[in-house]
>>> print(open('entry.txt').read())   # compact mmCIF, C-alpha atoms
# COMPACT_ATOMS: atom_id res chain seq x y z
CA MET V 1 46.68 48.69 44.72
CA GLU V 2 46.96 44.93 44.96
CA GLN V 3 43.22 44.78 45.56
CA ASN V 4 42.60 46.82 42.40
CA LYS V 5 44.69 44.39 40.34
CA THR V 6 42.83 41.43 41.84
CA GLY V 7 39.53 43.07 41.05
CA LYS V 8 40.58 43.74 37.46
CA TYR V 9 41.76 40.15 37.00
CA PHE V 10 38.54 38.88 38.51
CA LYS V 11 36.46 41.03 36.16
CA TYR V 12 38.60 39.94 33.23
CA ALA V 13 38.16 36.27 34.15
CA ILE V 14 34.41 36.73 34.47
CA GLY V 15 34.35 38.41 31.09
CA GLU V 16 36.33 35.59 29.54
CA ILE V 17 33.91 33.02 30.99
CA VAL V 18 30.93 34.97 29.71
CA LEU V 19 32.44 35.20 26.22
CA VAL V 20 33.20 31.46 26.22
CA MET V 21 29.63 30.68 27.32
CA ILE V 22 28.22 32.98 24.66
CA GLY V 23 30.43 31.26 22.07
CA ILE V 24 29.23 27.83 23.21
CA LEU V 25 25.59 28.93 23.12
CA LEU V 26 26.01 30.41 19.65
CA ALA V 27 27.70 27.22 18.44
CA LEU V 28 24.89 25.13 19.90
CA GLN V 29 22.32 27.43 18.29
CA VAL V 30 24.03 27.17 14.91
CA ASN V 31 24.27 23.39 15.26
CA THR V 32 20.59 23.18 16.20
CA TRP V 33 19.68 25.38 13.24
CA ASN V 34 21.79 23.24 10.89
CA GLU V 35 20.20 20.03 12.19
CA SER V 36 16.73 21.52 11.86
CA ARG V 37 17.48 22.65 8.31
CA LYS V 38 18.90 19.22 7.45
CA ASN V 39 15.80 17.51 8.85
CA LEU V 40 13.51 19.82 6.84
CA ILE V 41 15.41 18.96 3.65
CA LEU V 42 15.25 15.23 4.42
CA GLU V 43 11.54 15.48 5.24
CA GLU V 44 10.83 17.29 1.99
CA GLU V 45 12.80 14.64 0.05
CA PHE V 46 10.80 11.97 1.86
CA LYS V 47 7.49 13.62 0.90
CA ILE V 48 8.53 13.86 -2.75
CA GLY V 49 9.69 10.24 -2.82
CA LEU V 50 6.60 9.03 -0.94
CA LYS V 51 4.26 10.75 -3.38
CA LYS V 52 6.07 9.22 -6.36
CA ASP V 53 5.79 5.76 -4.79
CA LEU V 54 2.12 6.25 -3.92
CA ILE V 55 1.25 7.42 -7.44
CA ARG V 56 2.73 4.18 -8.79
CA ASP V 57 0.90 2.17 -6.12
CA LYS V 58 -2.35 3.93 -7.00
CA GLU V 59 -1.97 2.99 -10.65
CA SER V 60 -1.31 -0.64 -9.68
CA ILE V 61 -4.31 -0.72 -7.34
CA GLU V 62 -6.62 0.77 -9.97
CA PHE V 63 -5.47 -1.92 -12.40
CA CYS V 64 -6.08 -4.61 -9.76
CA ILE V 65 -9.58 -3.24 -9.11
CA LEU V 66 -10.31 -3.31 -12.86
CA ASN V 67 -9.18 -6.95 -12.95
CA ILE V 68 -11.46 -7.82 -10.02
CA GLU V 69 -14.41 -5.99 -11.58
CA GLN V 70 -13.95 -8.07 -14.74
CA LYS V 71 -14.19 -11.20 -12.60
CA ILE V 72 -17.26 -9.90 -10.76
CA LEU V 73 -18.91 -9.18 -14.11
CA ALA V 74 -17.95 -12.67 -15.31
CA HIS V 75 -19.58 -14.12 -12.19
CA SER V 76 -22.77 -12.17 -12.86
CA ILE V 77 -22.92 -13.37 -16.48
CA LEU V 78 -22.23 -16.99 -15.61
CA THR V 79 -24.72 -17.26 -12.77
CA THR V 80 -27.38 -15.62 -14.95
CA LYS V 81 -26.72 -17.26 -18.32
CA LEU V 82 -24.95 -20.56 -17.70
CA PRO V 83 -27.92 -22.66 -16.57
CA GLU V 84 -30.23 -21.59 -19.37
CA SER V 85 -28.19 -20.30 -22.31
CA TYR V 86 -25.13 -22.50 -22.60
CA GLU V 87 -26.31 -24.31 -25.70
CA THR V 88 -26.79 -21.05 -27.59
CA ASN V 89 -23.78 -19.17 -26.12
CA LYS V 90 -21.12 -21.87 -25.66
CA LYS V 91 -18.15 -19.91 -26.96
CA SER V 92 -18.95 -16.71 -25.08
CA LEU V 93 -19.70 -18.42 -21.77
CA ASP V 94 -16.57 -20.59 -21.97
CA SER V 95 -14.52 -17.40 -22.45
CA VAL V 96 -16.26 -15.71 -19.53
CA PHE V 97 -15.56 -18.76 -17.36
CA LYS V 98 -11.85 -18.48 -18.14
CA VAL V 99 -11.87 -14.80 -17.14
CA LEU V 100 -13.30 -15.70 -13.74
CA MET V 101 -10.87 -18.56 -13.18
CA GLN V 102 -7.67 -16.78 -14.21
CA PRO V 103 -5.31 -15.78 -11.35
CA LEU V 104 -5.78 -12.34 -9.85
CA VAL V 105 -3.41 -9.54 -10.77
CA SER V 106 -0.93 -9.38 -7.89
CA PHE V 107 -0.19 -6.18 -6.01
CA PHE V 108 3.38 -5.37 -4.97
CA PRO V 109 3.67 -2.00 -3.20
CA VAL V 110 6.53 0.38 -3.90
CA SER V 111 8.11 1.26 -0.54
CA GLY V 112 11.51 2.75 -1.37
CA ALA V 113 11.01 6.19 0.25
CA PHE V 114 9.36 4.80 3.37
CA ASP V 115 11.93 2.01 3.82
CA THR V 116 14.81 4.48 3.44
CA ALA V 117 13.33 6.85 6.02
CA ILE V 118 12.82 3.96 8.45
CA SER V 119 16.24 2.35 8.00
CA SER V 120 18.05 5.69 8.36
CA GLY V 121 16.07 6.64 11.46
CA ASN V 122 15.33 10.04 9.93
CA ILE V 123 11.58 9.50 10.05
CA SER V 124 11.54 9.96 13.83
CA ASN V 125 12.83 13.54 13.38
CA PHE V 126 10.23 14.64 10.84
CA ASN V 127 7.80 17.34 11.95
CA ASN V 128 4.65 16.18 10.17
CA LYS V 129 3.63 13.51 12.68
CA GLU V 130 0.18 13.08 11.13
CA LEU V 131 1.69 12.19 7.76
CA ILE V 132 4.14 9.76 9.40
CA GLU V 133 1.30 8.10 11.30
CA LYS V 134 -0.72 7.60 8.11
CA ALA V 135 2.35 6.30 6.25
CA HIS V 136 3.03 3.79 9.03
CA PHE V 137 -0.60 2.64 8.90
CA LEU V 138 -0.48 2.29 5.12
CA TYR V 139 2.80 0.35 4.92
CA ASN V 140 2.52 -1.66 8.13
CA SER V 141 -1.20 -2.45 8.13
CA LYS V 142 -3.04 -1.81 4.87
CA TYR V 143 -0.42 -3.12 2.44
CA PRO V 144 0.39 -6.32 4.38
CA ARG V 145 -3.34 -7.00 4.62
CA LEU V 146 -3.71 -6.60 0.86
CA VAL V 147 -0.80 -8.93 0.13
CA TYR V 148 -2.02 -11.55 2.61
CA ASN V 149 -5.60 -11.36 1.36
CA GLY V 150 -4.38 -11.75 -2.23
CA GLU V 151 -2.53 -14.93 -1.26
CA LEU V 152 -5.66 -16.34 0.42
CA VAL V 153 -7.92 -15.51 -2.52
CA ASP V 154 -5.42 -16.95 -5.02
CA GLU V 155 -5.09 -20.13 -2.97
CA ARG V 156 -8.86 -20.55 -2.79
CA ASN V 157 -9.34 -19.83 -6.47
CA LEU V 158 -6.49 -22.16 -7.42
CA LYS V 159 -8.27 -25.04 -5.71
CA ILE V 160 -11.44 -24.21 -7.62
CA ARG V 161 -9.56 -23.88 -10.92
CA ASP V 162 -7.96 -27.28 -10.40
CA LEU V 163 -11.41 -28.83 -10.31
CA TYR V 164 -12.21 -27.51 -13.76
CA VAL V 165 -8.88 -27.70 -15.59
CA ARG V 166 -10.23 -30.07 -18.24
CA GLU V 167 -13.29 -27.89 -18.85
CA MET V 168 -11.12 -24.80 -19.20
CA ARG V 169 -8.83 -26.51 -21.69
CA THR V 170 -11.59 -28.07 -23.76
CA ASN V 171 -14.14 -25.24 -23.53
CA GLN V 172 -16.86 -27.51 -22.23
CA ILE V 173 -18.07 -26.03 -18.95
CA GLY V 174 -21.70 -26.56 -19.90
CA THR V 175 -21.51 -30.30 -20.50
CA PHE V 176 -22.58 -31.14 -16.93
CA ASP V 177 -25.59 -32.85 -15.53
CA SER V 178 -27.80 -30.69 -13.31
CA GLU V 179 -26.11 -31.83 -10.09
CA ARG V 180 -22.60 -30.97 -11.24
CA LEU V 181 -23.82 -27.72 -12.76
CA ASN V 182 -25.13 -26.68 -9.34
CA ILE V 183 -21.75 -27.55 -7.81
CA LEU V 184 -20.05 -25.43 -10.46
CA LEU V 185 -22.32 -22.49 -9.71
CA ASP V 186 -21.56 -22.83 -5.99
CA ASP V 187 -17.84 -22.83 -6.74
CA ILE V 188 -18.23 -19.76 -8.93
CA GLU V 189 -20.05 -18.06 -6.06
CA ARG V 190 -17.24 -18.88 -3.64
CA ALA V 191 -14.63 -17.51 -6.02
CA ASN V 192 -16.62 -14.31 -6.45
CA PHE V 193 -17.00 -13.76 -2.70
CA GLY V 194 -13.22 -13.58 -2.31
CA ASN V 195 -12.98 -11.18 -5.24
CA GLY V 196 -15.60 -8.85 -3.79
CA PHE V 197 -13.92 -8.75 -0.39
CA ARG V 198 -10.54 -8.06 -1.97
CA LYS V 199 -11.98 -5.19 -3.98
CA SER V 200 -13.33 -3.58 -0.79
CA ILE V 201 -9.84 -3.66 0.78
CA PHE V 202 -8.34 -2.12 -2.36
CA VAL V 203 -10.93 0.67 -2.30
CA GLU V 204 -10.19 1.43 1.37
CA THR V 205 -6.46 1.54 0.65
CA LEU V 206 -6.99 3.78 -2.36
CA GLN V 207 -8.90 6.23 -0.18
CA LEU V 208 -6.00 6.42 2.27
CA ILE V 209 -3.50 6.94 -0.56
CA ASP V 210 -5.63 9.77 -2.00
CA GLU V 211 -5.85 11.36 1.45
CA ILE V 212 -2.06 11.37 1.75
CA LEU V 213 -1.52 12.64 -1.81
CA ASN V 214 -4.09 15.42 -1.54
CA ASN V 215 -3.28 16.71 1.97
CA TYR V 216 0.47 16.45 2.39
>>> encode(input="entry.txt", output="structure tokens")
Amino acid sequence: MEQNKTGKYFKYAIGEIVLVMIGILLALQVNTWNESRKNLILEEEFKIGLKKDLIRDKESIEFCILNIEQKILAHSILTTKLPESYETNKKSLDSVFKVLMQPLVSFFPVSGAFDTAISSGNISNFNNKELIEKAHFLYNSKYPRLVYNGELVDERNLKIRDLYVREMRTNQIGTFDSERLNILLDDIERANFGNGFRKSIFVETLQLIDEILNNY
């Protein structure tokens, strides 16, 4: 009889342990499900915020490209018309010269959604690893390169502008002898080279932004 009681207690204890283990497993499962659901919500919020930021960046980049294209067109007009047509097109060519020599439109990326995901650490839990990889490349490589290149181009163009401040103020870029006119044309060419290179970086970045917007 004592053995029967011991057996019953033993079975009861085993049953209790099994129930506790099942309870723990269920709690862990519920916790895992809640964490997964929370991460999905955070990831969706990140995608929405990222797309809003990238749409604004895209608009800024397109405006920057338009500004650069105006300068490239100004370069083309000046190198074609300045040596031979200044006397008959003074006002127009002086205006075109100012367009080329004005500072570039600066680009400042919007990074709120990406910065928040990074600072919170949530980005490491997101499922779409391909999107995260492209976002990292955009914000940590493409954008810094754009900003740095803009600083270099502005610095180079500022030095060139400083050489022709008086001509810009007095609208007299054509009143040079042939030697100084050739120097001016060389300077215009140098300014345009930086503009063309910057445009190519903008175009590459725009392609990456469109890829993210259209596929994620």
>>> closest_residue(input="entry.txt", among="V:Val147, V:Ala135, V:Leu213, V:Leu158", to="Ser106 in chain V", atoms="all atoms listed in the file")
V:Val147
>>> residues_near_point(input="entry.txt", point="(-7.1, -5.6, -7.3)", cutoff="6 Å", atoms="only C-alpha atoms", output="JSON, numbers by chain")
{"V": [61, 64, 65, 68, 199]}
>>> write_last_selection(input="entry.txt", atoms="C-alpha atoms", output="short mmCIF file (atom, residue, chain, number, x, y, z; two decimals), in the coordinates of the input")
data_model
loop_
_atom_site.label_atom_id
_atom_site.label_comp_id
_atom_site.auth_asym_id
_atom_site.auth_seq_id
_atom_site.Cartn_x
_atom_site.Cartn_y
_atom_site.Cartn_z
CA ILE V 61 -4.31 -0.72 -7.34
CA CYS V 64 -6.08 -4.61 -9.76
CA ILE V 65 -9.58 -3.24 -9.11
CA ILE V 68 -11.46 -7.82 -10.02
CA LYS V 199 -11.98 -5.19 -3.98
#
>>> residues_around(input="entry.txt", residues="range 32-46 of chain V", least_positions_apart="4", cutoff="7 Å", atoms="all atoms listed in the file", output="MDAnalysis selection string")
chainID V and resid 28 50 113 125:126
>>> atom_distance(input="entry.txt", atom1="CA of Asn122 in chain V", atom2="CA of Arg56 in chain V")
23.3 Å
>>> atom_distance(input="entry.txt", atom1="CA of Ser200 in chain V", atom2="CA of Leu184 in chain V")
24.8 Å
>>> closest_residue(input="entry.txt", among="V:Leu152, V:Leu163, V:His136, V:Pro83", to="Ile123 in chain V", atoms="only C-alpha atoms")
V:His136
>>> atom_distance(input="entry.txt", atom1="CA of Asp162 in chain V", atom2="CA of Thr88 in chain V")
26.2 Å
>>> closest_residue(input="entry.txt", among="V:Lys90, V:Arg198, V:Arg156, V:Lys98", to="Lys142 in chain V", atoms="only C-alpha atoms")
V:Arg198
>>> residues_near_point(input="entry.txt", point="(-8.9, -5.5, -3.4)", cutoff="12 Å", atoms="only C-alpha atoms", output="ChimeraX atom specification")
/V:60-69,72,104-107,142-143,145-153,193-206
>>> write_last_selection(input="entry.txt", atoms="C-alpha atoms", output="PDB file, in the coordinates of the input")
ATOM      1  CA  SER V  60      -1.310  -0.640  -9.680  1.00  0.00           C
ATOM      2  CA  ILE V  61      -4.310  -0.720  -7.340  1.00  0.00           C
ATOM      3  CA  GLU V  62      -6.620   0.770  -9.970  1.00  0.00           C
ATOM      4  CA  PHE V  63      -5.470  -1.920 -12.400  1.00  0.00           C
ATOM      5  CA  CYS V  64      -6.080  -4.610  -9.760  1.00  0.00           C
ATOM      6  CA  ILE V  65      -9.580  -3.240  -9.110  1.00  0.00           C
ATOM      7  CA  LEU V  66     -10.310  -3.310 -12.860  1.00  0.00           C
ATOM      8  CA  ASN V  67      -9.180  -6.950 -12.950  1.00  0.00           C
ATOM      9  CA  ILE V  68     -11.460  -7.820 -10.020  1.00  0.00           C
ATOM     10  CA  GLU V  69     -14.410  -5.990 -11.580  1.00  0.00           C
ATOM     11  CA  ILE V  72     -17.260  -9.900 -10.760  1.00  0.00           C
ATOM     12  CA  LEU V 104      -5.780 -12.340  -9.850  1.00  0.00           C
ATOM     13  CA  VAL V 105      -3.410  -9.540 -10.770  1.00  0.00           C
ATOM     14  CA  SER V 106      -0.930  -9.380  -7.890  1.00  0.00           C
ATOM     15  CA  PHE V 107      -0.190  -6.180  -6.010  1.00  0.00           C
ATOM     16  CA  LYS V 142      -3.040  -1.810   4.870  1.00  0.00           C
ATOM     17  CA  TYR V 143      -0.420  -3.120   2.440  1.00  0.00           C
ATOM     18  CA  ARG V 145      -3.340  -7.000   4.620  1.00  0.00           C
ATOM     19  CA  LEU V 146      -3.710  -6.600   0.860  1.00  0.00           C
ATOM     20  CA  VAL V 147      -0.800  -8.930   0.130  1.00  0.00           C
ATOM     21  CA  TYR V 148      -2.020 -11.550   2.610  1.00  0.00           C
ATOM     22  CA  ASN V 149      -5.600 -11.360   1.360  1.00  0.00           C
ATOM     23  CA  GLY V 150      -4.380 -11.750  -2.230  1.00  0.00           C
ATOM     24  CA  GLU V 151      -2.530 -14.930  -1.260  1.00  0.00           C
ATOM     25  CA  LEU V 152      -5.660 -16.340   0.420  1.00  0.00           C
ATOM     26  CA  VAL V 153      -7.920 -15.510  -2.520  1.00  0.00           C
ATOM     27  CA  PHE V 193     -17.000 -13.760  -2.700  1.00  0.00           C
ATOM     28  CA  GLY V 194     -13.220 -13.580  -2.310  1.00  0.00           C
ATOM     29  CA  ASN V 195     -12.980 -11.180  -5.240  1.00  0.00           C
ATOM     30  CA  GLY V 196     -15.600  -8.850  -3.790  1.00  0.00           C
ATOM     31  CA  PHE V 197     -13.920  -8.750  -0.390  1.00  0.00           C
ATOM     32  CA  ARG V 198     -10.540  -8.060  -1.970  1.00  0.00           C
ATOM     33  CA  LYS V 199     -11.980  -5.190  -3.980  1.00  0.00           C
ATOM     34  CA  SER V 200     -13.330  -3.580  -0.790  1.00  0.00           C
ATOM     35  CA  ILE V 201      -9.840  -3.660   0.780  1.00  0.00           C
ATOM     36  CA  PHE V 202      -8.340  -2.120  -2.360  1.00  0.00           C
ATOM     37  CA  VAL V 203     -10.930   0.670  -2.300  1.00  0.00           C
ATOM     38  CA  GLU V 204     -10.190   1.430   1.370  1.00  0.00           C
ATOM     39  CA  THR V 205      -6.460   1.540   0.650  1.00  0.00           C
ATOM     40  CA  LEU V 206      -6.990   3.780  -2.360  1.00  0.00           C
TER      41      LEU V 206
END
>>> closest_residue(input="entry.txt", among="V:Ile173, V:Glu59, V:Ser124, V:Ala117", to="Lys91 in chain V", atoms="only C-alpha atoms")
V:Ile173
>>> closest_residue(input="entry.txt", among="V:Gly121, V:Leu138, V:Val110, V:Tyr164", to="Ile188 in chain V", atoms="all atoms listed in the file")
V:Tyr164
>>> closest_residue(input="entry.txt", among="V:Leu82, V:Gly112, V:Phe97, V:Arg180", to="Asp57 in chain V", atoms="only C-alpha atoms")
V:Gly112
